[in-house]
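Before any comments, here is the structure.
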Amino acid sequence: MRIGYGYDVHKLVENRKLILGGIDIPFEKGLLGHSDADVLVHAVIDATLGAVAKGDIGLLFPDADNNYKDIDSRILLRKTYEIMQDSGYKIGNIDATICAQQPKLQSYIPQMLENLASDLQTDIYNISIKATTEEGMGFTGEGKGISATVVILLESL
């Protein structure tokens, strides 16, 4: 078994879509980034790459490469799945937390679970996604950004 940890954060800005877990969530601001800035998917990618000791999202999918400009992060997640599988592992389980003061995310979590399970070719019951706020404190609490943390357990194939 291998364990990985992932963290990502992006700034909230106007004139961008808010994409989380592969879902376009209606909100007046979106996350700023080279790709679609999906912090949940990025944290899953980093946790997975960390577990198989293959670097991080910036190393494999650098923001200096225009091939990744505005790319759907789920495409990167599927490429990460192939790296994980080629390394001889499959998903044991994933535990993720999204930290956002707004918008409320609970109603979007079922679709996020389906997206991650599909892209990582695992059972939906192997994935947990939680959403929380920081009670108005810090950059996420002040509505300046959104972050996500992920812990992943991989099992040998």
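Labels used: A, B, ... for chains in the order of the structure tokens, numbers from 1 for residues in each chain, and numbers from 1 for ligands as shown.
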Exercise. Can you tell me, as a ChimeraX atom specification, what residues are no more than 10 Å from Thr122 in chain A when counting only C-alpha atoms, ignoring any on the same chain fewer than 6 positions away?
Worked result: /A:90-93,114,116
Using C-alpha atoms, can you export the residues from the last selection as an mmCIF file, in the first residue's frame?
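So the final result, stored in out36.cif, reads:
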data_model
loop_
_atom_site.group_PDB
_atom_site.id
_atom_site.type_symbol
_atom_site.label_atom_id
_atom_site.label_comp_id
_atom_site.auth_asym_id
_atom_site.auth_seq_id
_atom_site.Cartn_x
_atom_site.Cartn_y
_atom_site.Cartn_z
ATOM 1 C CA LYS A 90 -5.262 0.996 -7.866
ATOM 2 C CA ILE A 91 -7.370 3.199 -5.606
ATOM 3 C CA GLY A 92 -7.901 1.904 -2.082
ATOM 4 C CA ASN A 93 -9.730 4.993 -0.912
ATOM 5 C CA GLU A 114 -19.383 10.114 -9.785
ATOM 6 C CA LEU A 116 -13.866 11.061 -9.684
#
Wanna dump the range 46-107 of chain A-range 149-153 of chain A contacts at 9 Å for me, each residue with its shortest atom pair and the distance in Å to one decimal, counting only C-alpha atoms, ordered by chain and number, as JSON lines?
{"residue": "A:Asp46", "atom": "CA", "partner": "A:Val150", "partner_atom": "CA", "distance": 8.5}
{"residue": "A:Ala47", "atom": "CA", "partner": "A:Ile152", "partner_atom": "CA", "distance": 6.1}
{"residue": "A:Thr48", "atom": "CA", "partner": "A:Ile152", "partner_atom": "CA", "distance": 6.7}
{"residue": "A:Ala51", "atom": "CA", "partner": "A:Ile152", "partner_atom": "CA", "distance": 7.5}
{"residue": "A:Lys90", "atom": "CA", "partner": "A:Leu153", "partner_atom": "CA", "distance": 8.8}
{"residue": "A:Ile91", "atom": "CA", "partner": "A:Leu153", "partner_atom": "CA", "distance": 6.5}
{"residue": "A:Gly92", "atom": "CA", "partner": "A:Leu153", "partner_atom": "CA", "distance": 5.1}
{"residue": "A:Asn93", "atom": "CA", "partner": "A:Leu153", "partner_atom": "CA", "distance": 5.3}
{"residue": "A:Ile94", "atom": "CA", "partner": "A:Ile152", "partner_atom": "CA", "distance": 4.5}
{"residue": "A:Asp95", "atom": "CA", "partner": "A:Val151", "partner_atom": "CA", "distance": 5.3}
{"residue": "A:Ala96", "atom": "CA", "partner": "A:Val150", "partner_atom": "CA", "distance": 4.3}
{"residue": "A:Thr97", "atom": "CA", "partner": "A:Thr149", "partner_atom": "CA", "distance": 5.3}
{"residue": "A:Ile98", "atom": "CA", "partner": "A:Thr149", "partner_atom": "CA", "distance": 6.7}
{"residue": "A:Cys99", "atom": "CA", "partner": "A:Thr149", "partner_atom": "CA", "distance": 8.4}
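Taking the backbone of this structure through DSSP, the residues of range 52-142 of chain A that come out as strand (DSSP E or B) are Tyr89, Lys90, Ile91, Gly92, Asn93, Ile94, Asp95, Ala96, Thr97, Ile98, Cys99, Ile127, Ser128, Ile129, Lys130, Ala131 and Thr132 of chain A.
Residues surrounding Gln121 in chain A within 12 Å are Leu77, Arg78, Thr80, Tyr81, Glu82, Met84, Gln85, Tyr89, Lys90, Ile91, Gly92, Asn93, Leu113, Glu114, Asn115, Leu116, Ala117, Tyr125, Asn126 and Ile127 of chain A [only C-alpha atoms; sequence separation below 4 positions excluded].
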Exercise. When distances are computed from only C-alpha atoms, which of A:Ala148, A:Ala131, A:Val41, A:Val52 shows the smallest separation from Asp119 in chain A?
Worked result: A:Val41
Surrounding residues of Ala53 in chain A excluding itself and chain neighbours under 2 positions, 12 Å, only C-alpha atoms, as a PDB file with N, CA, C and O atoms, in the first residue's frame:
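Output contents, as saved in out-v6.pdb:
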ATOM      1  N   ARG A   2       0.357   2.309  -0.567  1.00  0.00           N
ATOM      2  CA  ARG A   2       1.047   3.596  -0.610  1.00  0.00           C
ATOM      3  C   ARG A   2       0.047   4.677  -0.197  1.00  0.00           C
ATOM      4  O   ARG A   2      -1.136   4.604  -0.542  1.00  0.00           O
ATOM      5  N   ILE A   3       0.535   5.701   0.501  1.00  0.00           N
ATOM      6  CA  ILE A   3      -0.305   6.816   0.925  1.00  0.00           C
ATOM      7  C   ILE A   3       0.206   8.092   0.275  1.00  0.00           C
ATOM      8  O   ILE A   3       1.414   8.316   0.191  1.00  0.00           O
ATOM      9  N   GLY A   4      -0.705   8.947  -0.165  1.00  0.00           N
ATOM     10  CA  GLY A   4      -0.349  10.239  -0.731  1.00  0.00           C
ATOM     11  C   GLY A   4      -1.200  11.335  -0.139  1.00  0.00           C
ATOM     12  O   GLY A   4      -2.322  11.096   0.331  1.00  0.00           O
ATOM     13  N   TYR A   5      -0.664  12.547  -0.160  1.00  0.00           N
ATOM     14  CA  TYR A   5      -1.368  13.719   0.351  1.00  0.00           C
ATOM     15  C   TYR A   5      -1.320  14.808  -0.716  1.00  0.00           C
ATOM     16  O   TYR A   5      -0.268  15.046  -1.315  1.00  0.00           O
ATOM     17  N   ILE A  45      -4.901  14.736  -7.958  1.00  0.00           N
ATOM     18  CA  ILE A  45      -3.752  14.447  -8.818  1.00  0.00           C
ATOM     19  C   ILE A  45      -2.465  14.467  -7.992  1.00  0.00           C
ATOM     20  O   ILE A  45      -1.649  13.537  -8.082  1.00  0.00           O
ATOM     21  N   ASP A  46      -2.263  15.507  -7.193  1.00  0.00           N
ATOM     22  CA  ASP A  46      -1.039  15.598  -6.392  1.00  0.00           C
ATOM     23  C   ASP A  46      -0.931  14.466  -5.376  1.00  0.00           C
ATOM     24  O   ASP A  46       0.150  13.919  -5.159  1.00  0.00           O
ATOM     25  N   ALA A  47      -2.045  14.097  -4.757  1.00  0.00           N
ATOM     26  CA  ALA A  47      -2.018  12.992  -3.794  1.00  0.00           C
ATOM     27  C   ALA A  47      -1.643  11.684  -4.493  1.00  0.00           C
ATOM     28  O   ALA A  47      -0.829  10.906  -3.992  1.00  0.00           O
ATOM     29  N   THR A  48      -2.212  11.458  -5.668  1.00  0.00           N
ATOM     30  CA  THR A  48      -1.938  10.237  -6.422  1.00  0.00           C
ATOM     31  C   THR A  48      -0.481  10.186  -6.862  1.00  0.00           C
ATOM     32  O   THR A  48       0.203   9.168  -6.688  1.00  0.00           O
ATOM     33  N   LEU A  49       0.004  11.285  -7.423  1.00  0.00           N
ATOM     34  CA  LEU A  49       1.394  11.335  -7.869  1.00  0.00           C
ATOM     35  C   LEU A  49       2.352  11.184  -6.688  1.00  0.00           C
ATOM     36  O   LEU A  49       3.387  10.524  -6.807  1.00  0.00           O
ATOM     37  N   GLY A  50       2.011  11.784  -5.568  1.00  0.00           N
ATOM     38  CA  GLY A  50       2.847  11.641  -4.376  1.00  0.00           C
ATOM     39  C   GLY A  50       2.911  10.204  -3.898  1.00  0.00           C
ATOM     40  O   GLY A  50       3.971   9.709  -3.508  1.00  0.00           O
ATOM     41  N   ALA A  51       1.779   9.511  -3.949  1.00  0.00           N
ATOM     42  CA  ALA A  51       1.739   8.126  -3.490  1.00  0.00           C
ATOM     43  C   ALA A  51       2.614   7.210  -4.334  1.00  0.00           C
ATOM     44  O   ALA A  51       3.183   6.253  -3.828  1.00  0.00           O
ATOM     45  N   GLY A  55       6.369  12.830  -8.644  1.00  0.00           N
ATOM     46  CA  GLY A  55       6.382  14.290  -8.715  1.00  0.00           C
ATOM     47  C   GLY A  55       5.058  14.898  -8.332  1.00  0.00           C
ATOM     48  O   GLY A  55       4.363  14.415  -7.448  1.00  0.00           O
ATOM     49  N   ASP A  56       4.705  15.984  -9.031  1.00  0.00           N
ATOM     50  CA  ASP A  56       3.459  16.684  -8.735  1.00  0.00           C
ATOM     51  C   ASP A  56       2.846  17.224 -10.019  1.00  0.00           C
ATOM     52  O   ASP A  56       3.418  17.088 -11.102  1.00  0.00           O
ATOM     53  N   ILE A  57       1.696  17.850  -9.880  1.00  0.00           N
ATOM     54  CA  ILE A  57       0.958  18.338 -11.038  1.00  0.00           C
ATOM     55  C   ILE A  57       1.765  19.347 -11.850  1.00  0.00           C
ATOM     56  O   ILE A  57       1.731  19.344 -13.073  1.00  0.00           O
ATOM     57  N   LEU A  59       4.986  19.488 -12.228  1.00  0.00           N
ATOM     58  CA  LEU A  59       6.059  18.807 -12.938  1.00  0.00           C
ATOM     59  C   LEU A  59       5.524  18.102 -14.193  1.00  0.00           C
ATOM     60  O   LEU A  59       6.098  18.213 -15.272  1.00  0.00           O
ATOM     61  N   ILE A  83      -0.769   6.769 -15.078  1.00  0.00           N
ATOM     62  CA  ILE A  83       0.544   6.716 -14.410  1.00  0.00           C
ATOM     63  C   ILE A  83       0.468   5.827 -13.176  1.00  0.00           C
ATOM     64  O   ILE A  83       1.343   4.991 -12.930  1.00  0.00           O
ATOM     65  N   MET A  84      -0.596   5.992 -12.394  1.00  0.00           N
ATOM     66  CA  MET A  84      -0.794   5.182 -11.194  1.00  0.00           C
ATOM     67  C   MET A  84      -0.913   3.702 -11.562  1.00  0.00           C
ATOM     68  O   MET A  84      -0.259   2.854 -10.956  1.00  0.00           O
ATOM     69  N   SER A  87       2.216   2.156 -12.629  1.00  0.00           N
ATOM     70  CA  SER A  87       3.106   1.963 -11.482  1.00  0.00           C
ATOM     71  C   SER A  87       2.701   0.744 -10.650  1.00  0.00           C
ATOM     72  O   SER A  87       3.370   0.398  -9.677  1.00  0.00           O
ATOM     73  N   TYR A  89      -0.605   0.170  -9.251  1.00  0.00           N
ATOM     74  CA  TYR A  89      -1.513   0.452  -8.143  1.00  0.00           C
ATOM     75  C   TYR A  89      -2.928   0.748  -8.618  1.00  0.00           C
ATOM     76  O   TYR A  89      -3.165   1.081  -9.769  1.00  0.00           O
ATOM     77  N   LEU A 154      -3.400   3.879  -1.886  1.00  0.00           N
ATOM     78  CA  LEU A 154      -3.318   3.036  -3.078  1.00  0.00           C
ATOM     79  C   LEU A 154      -2.964   1.613  -2.669  1.00  0.00           C
ATOM     80  O   LEU A 154      -2.220   1.409  -1.715  1.00  0.00           O
TER      81      LEU A 154
END
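Between CA of Asp24 in chain A and CA of His42 in chain A the interatomic distance comes to 15.4 Å.
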For this session: Name the residues of range 10-142 of chain A that fall into alpha helix (DSSP H) according to DSSP on the backbone, using the chain letters and numbers of this document, as number ranges by chain.
Result: A: 39-51, 57-60, 73-86, 109-119, 138-141
Problem set entry | Who sits within 12 Å of Phe139 in chain A, only C-alpha atoms, same chain under 5 positions skipped, as a VMD selection string | chain A and resid 9 to 12 99 to 102 133 to 134 144 to 147
Got a sec: who's within 8 Å of Ile109 in chain A, counting only C-alpha atoms, leaving out chain neighbours fewer than 4 positions off, as a PDB file with all heavy atoms, in the first residue's frame?
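After the write, selection.pdb holds the following:
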ATOM      1  N   LEU A 105     -21.757  23.735  -1.220  1.00  0.00           N
ATOM      2  CA  LEU A 105     -21.379  22.697  -2.184  1.00  0.00           C
ATOM      3  C   LEU A 105     -22.065  21.350  -1.989  1.00  0.00           C
ATOM      4  O   LEU A 105     -21.938  20.467  -2.831  1.00  0.00           O
ATOM      5  CB  LEU A 105     -19.860  22.497  -2.131  1.00  0.00           C
ATOM      6  CG  LEU A 105     -19.030  23.734  -2.470  1.00  0.00           C
ATOM      7  CD1 LEU A 105     -17.548  23.468  -2.229  1.00  0.00           C
ATOM      8  CD2 LEU A 105     -19.285  24.176  -3.898  1.00  0.00           C
ATOM      9  N   LEU A 113     -18.464  12.972  -6.819  1.00  0.00           N
ATOM     10  CA  LEU A 113     -18.096  11.584  -6.521  1.00  0.00           C
ATOM     11  C   LEU A 113     -18.163  10.727  -7.779  1.00  0.00           C
ATOM     12  O   LEU A 113     -17.254   9.932  -8.040  1.00  0.00           O
ATOM     13  CB  LEU A 113     -19.009  11.014  -5.437  1.00  0.00           C
ATOM     14  CG  LEU A 113     -18.823  11.566  -4.026  1.00  0.00           C
ATOM     15  CD1 LEU A 113     -19.999  11.175  -3.143  1.00  0.00           C
ATOM     16  CD2 LEU A 113     -17.509  11.095  -3.435  1.00  0.00           C
ATOM     17  N   ILE A 129     -15.943  12.925  -0.182  1.00  0.00           N
ATOM     18  CA  ILE A 129     -15.724  14.356  -0.403  1.00  0.00           C
ATOM     19  C   ILE A 129     -16.558  15.111   0.623  1.00  0.00           C
ATOM     20  O   ILE A 129     -17.765  14.891   0.736  1.00  0.00           O
ATOM     21  CB  ILE A 129     -16.133  14.799  -1.823  1.00  0.00           C
ATOM     22  CG1 ILE A 129     -15.330  14.054  -2.882  1.00  0.00           C
ATOM     23  CG2 ILE A 129     -15.957  16.318  -1.976  1.00  0.00           C
ATOM     24  CD1 ILE A 129     -15.810  14.303  -4.310  1.00  0.00           C
ATOM     25  N   LYS A 130     -15.889  15.988   1.348  1.00  0.00           N
ATOM     26  CA  LYS A 130     -16.565  16.819   2.335  1.00  0.00           C
ATOM     27  C   LYS A 130     -16.345  18.286   1.966  1.00  0.00           C
ATOM     28  O   LYS A 130     -15.356  18.623   1.330  1.00  0.00           O
ATOM     29  CB  LYS A 130     -15.998  16.552   3.727  1.00  0.00           C
ATOM     30  CG  LYS A 130     -16.082  15.076   4.126  1.00  0.00           C
ATOM     31  CD  LYS A 130     -15.325  14.751   5.396  1.00  0.00           C
ATOM     32  CE  LYS A 130     -13.854  15.026   5.361  1.00  0.00           C
ATOM     33  NZ  LYS A 130     -13.068  14.201   4.417  1.00  0.00           N
TER      34      LYS A 130
END
Problem set entry | Residue contacts of range 62-69 of chain A (12 Å, only C-alpha atoms) excluding same-chain residues fewer than 6 positions away, as a ChimeraX atom specification | /A:32-37,55-56,75-76
Saved selection, atoms kept: N, CA, C and O atoms, as a PDB file, in the first residue's frame:
ATOM      1  N   LEU A  32      -8.952  31.234 -10.468  1.00  0.00           N
ATOM      2  CA  LEU A  32      -7.924  31.685 -11.397  1.00  0.00           C
ATOM      3  C   LEU A  32      -6.843  30.623 -11.505  1.00  0.00           C
ATOM      4  O   LEU A  32      -6.335  30.132 -10.503  1.00  0.00           O
ATOM      5  N   GLY A  33      -6.490  30.275 -12.737  1.00  0.00           N
ATOM      6  CA  GLY A  33      -5.428  29.303 -12.951  1.00  0.00           C
ATOM      7  C   GLY A  33      -5.148  29.112 -14.424  1.00  0.00           C
ATOM      8  O   GLY A  33      -5.902  29.587 -15.283  1.00  0.00           O
ATOM      9  N   HIS A  34      -4.064  28.411 -14.721  1.00  0.00           N
ATOM     10  CA  HIS A  34      -3.674  28.139 -16.113  1.00  0.00           C
ATOM     11  C   HIS A  34      -4.678  27.171 -16.765  1.00  0.00           C
ATOM     12  O   HIS A  34      -5.069  27.360 -17.900  1.00  0.00           O
ATOM     13  N   SER A  35      -5.079  26.164 -16.005  1.00  0.00           N
ATOM     14  CA  SER A  35      -6.086  25.209 -16.473  1.00  0.00           C
ATOM     15  C   SER A  35      -7.451  25.726 -16.036  1.00  0.00           C
ATOM     16  O   SER A  35      -7.624  26.922 -15.830  1.00  0.00           O
ATOM     17  N   ASP A  36      -8.406  24.821 -15.818  1.00  0.00           N
ATOM     18  CA  ASP A  36      -9.708  25.244 -15.293  1.00  0.00           C
ATOM     19  C   ASP A  36      -9.655  25.514 -13.787  1.00  0.00           C
ATOM     20  O   ASP A  36     -10.636  25.937 -13.202  1.00  0.00           O
ATOM     21  N   ALA A  37      -8.492  25.272 -13.158  1.00  0.00           N
ATOM     22  CA  ALA A  37      -8.228  25.589 -11.746  1.00  0.00           C
ATOM     23  C   ALA A  37      -9.110  24.805 -10.769  1.00  0.00           C
ATOM     24  O   ALA A  37      -9.439  25.289  -9.693  1.00  0.00           O
ATOM     25  N   GLY A  55       6.369  12.830  -8.644  1.00  0.00           N
ATOM     26  CA  GLY A  55       6.382  14.290  -8.715  1.00  0.00           C
ATOM     27  C   GLY A  55       5.058  14.898  -8.332  1.00  0.00           C
ATOM     28  O   GLY A  55       4.363  14.415  -7.448  1.00  0.00           O
ATOM     29  N   ASP A  56       4.705  15.984  -9.031  1.00  0.00           N
ATOM     30  CA  ASP A  56       3.459  16.684  -8.735  1.00  0.00           C
ATOM     31  C   ASP A  56       2.846  17.224 -10.019  1.00  0.00           C
ATOM     32  O   ASP A  56       3.418  17.088 -11.102  1.00  0.00           O
ATOM     33  N   ILE A  75      -9.178  15.666 -17.631  1.00  0.00           N
ATOM     34  CA  ILE A  75      -8.277  15.055 -18.613  1.00  0.00           C
ATOM     35  C   ILE A  75      -6.943  14.745 -17.946  1.00  0.00           C
ATOM     36  O   ILE A  75      -6.377  13.662 -18.128  1.00  0.00           O
ATOM     37  N   LEU A  76      -6.453  15.677 -17.138  1.00  0.00           N
ATOM     38  CA  LEU A  76      -5.195  15.473 -16.414  1.00  0.00           C
ATOM     39  C   LEU A  76      -5.344  14.361 -15.380  1.00  0.00           C
ATOM     40  O   LEU A  76      -4.408  13.580 -15.162  1.00  0.00           O
TER      41      LEU A  76
END
Exercise. When you draw a straight line from CA of Val44 in chain A to CA of Pro103 in chain A, how long is it in Å?
Worked result: 20.8 Å
For this session: Please indicate the distance in Å from CA of Ile124 in chain A to CA of Ser107 in chain A, rounded to one decimal place.
Result: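 Separating CA of Ile124 in chain A from CA of Ser107 in chain A is a distance of 16.1 Å.
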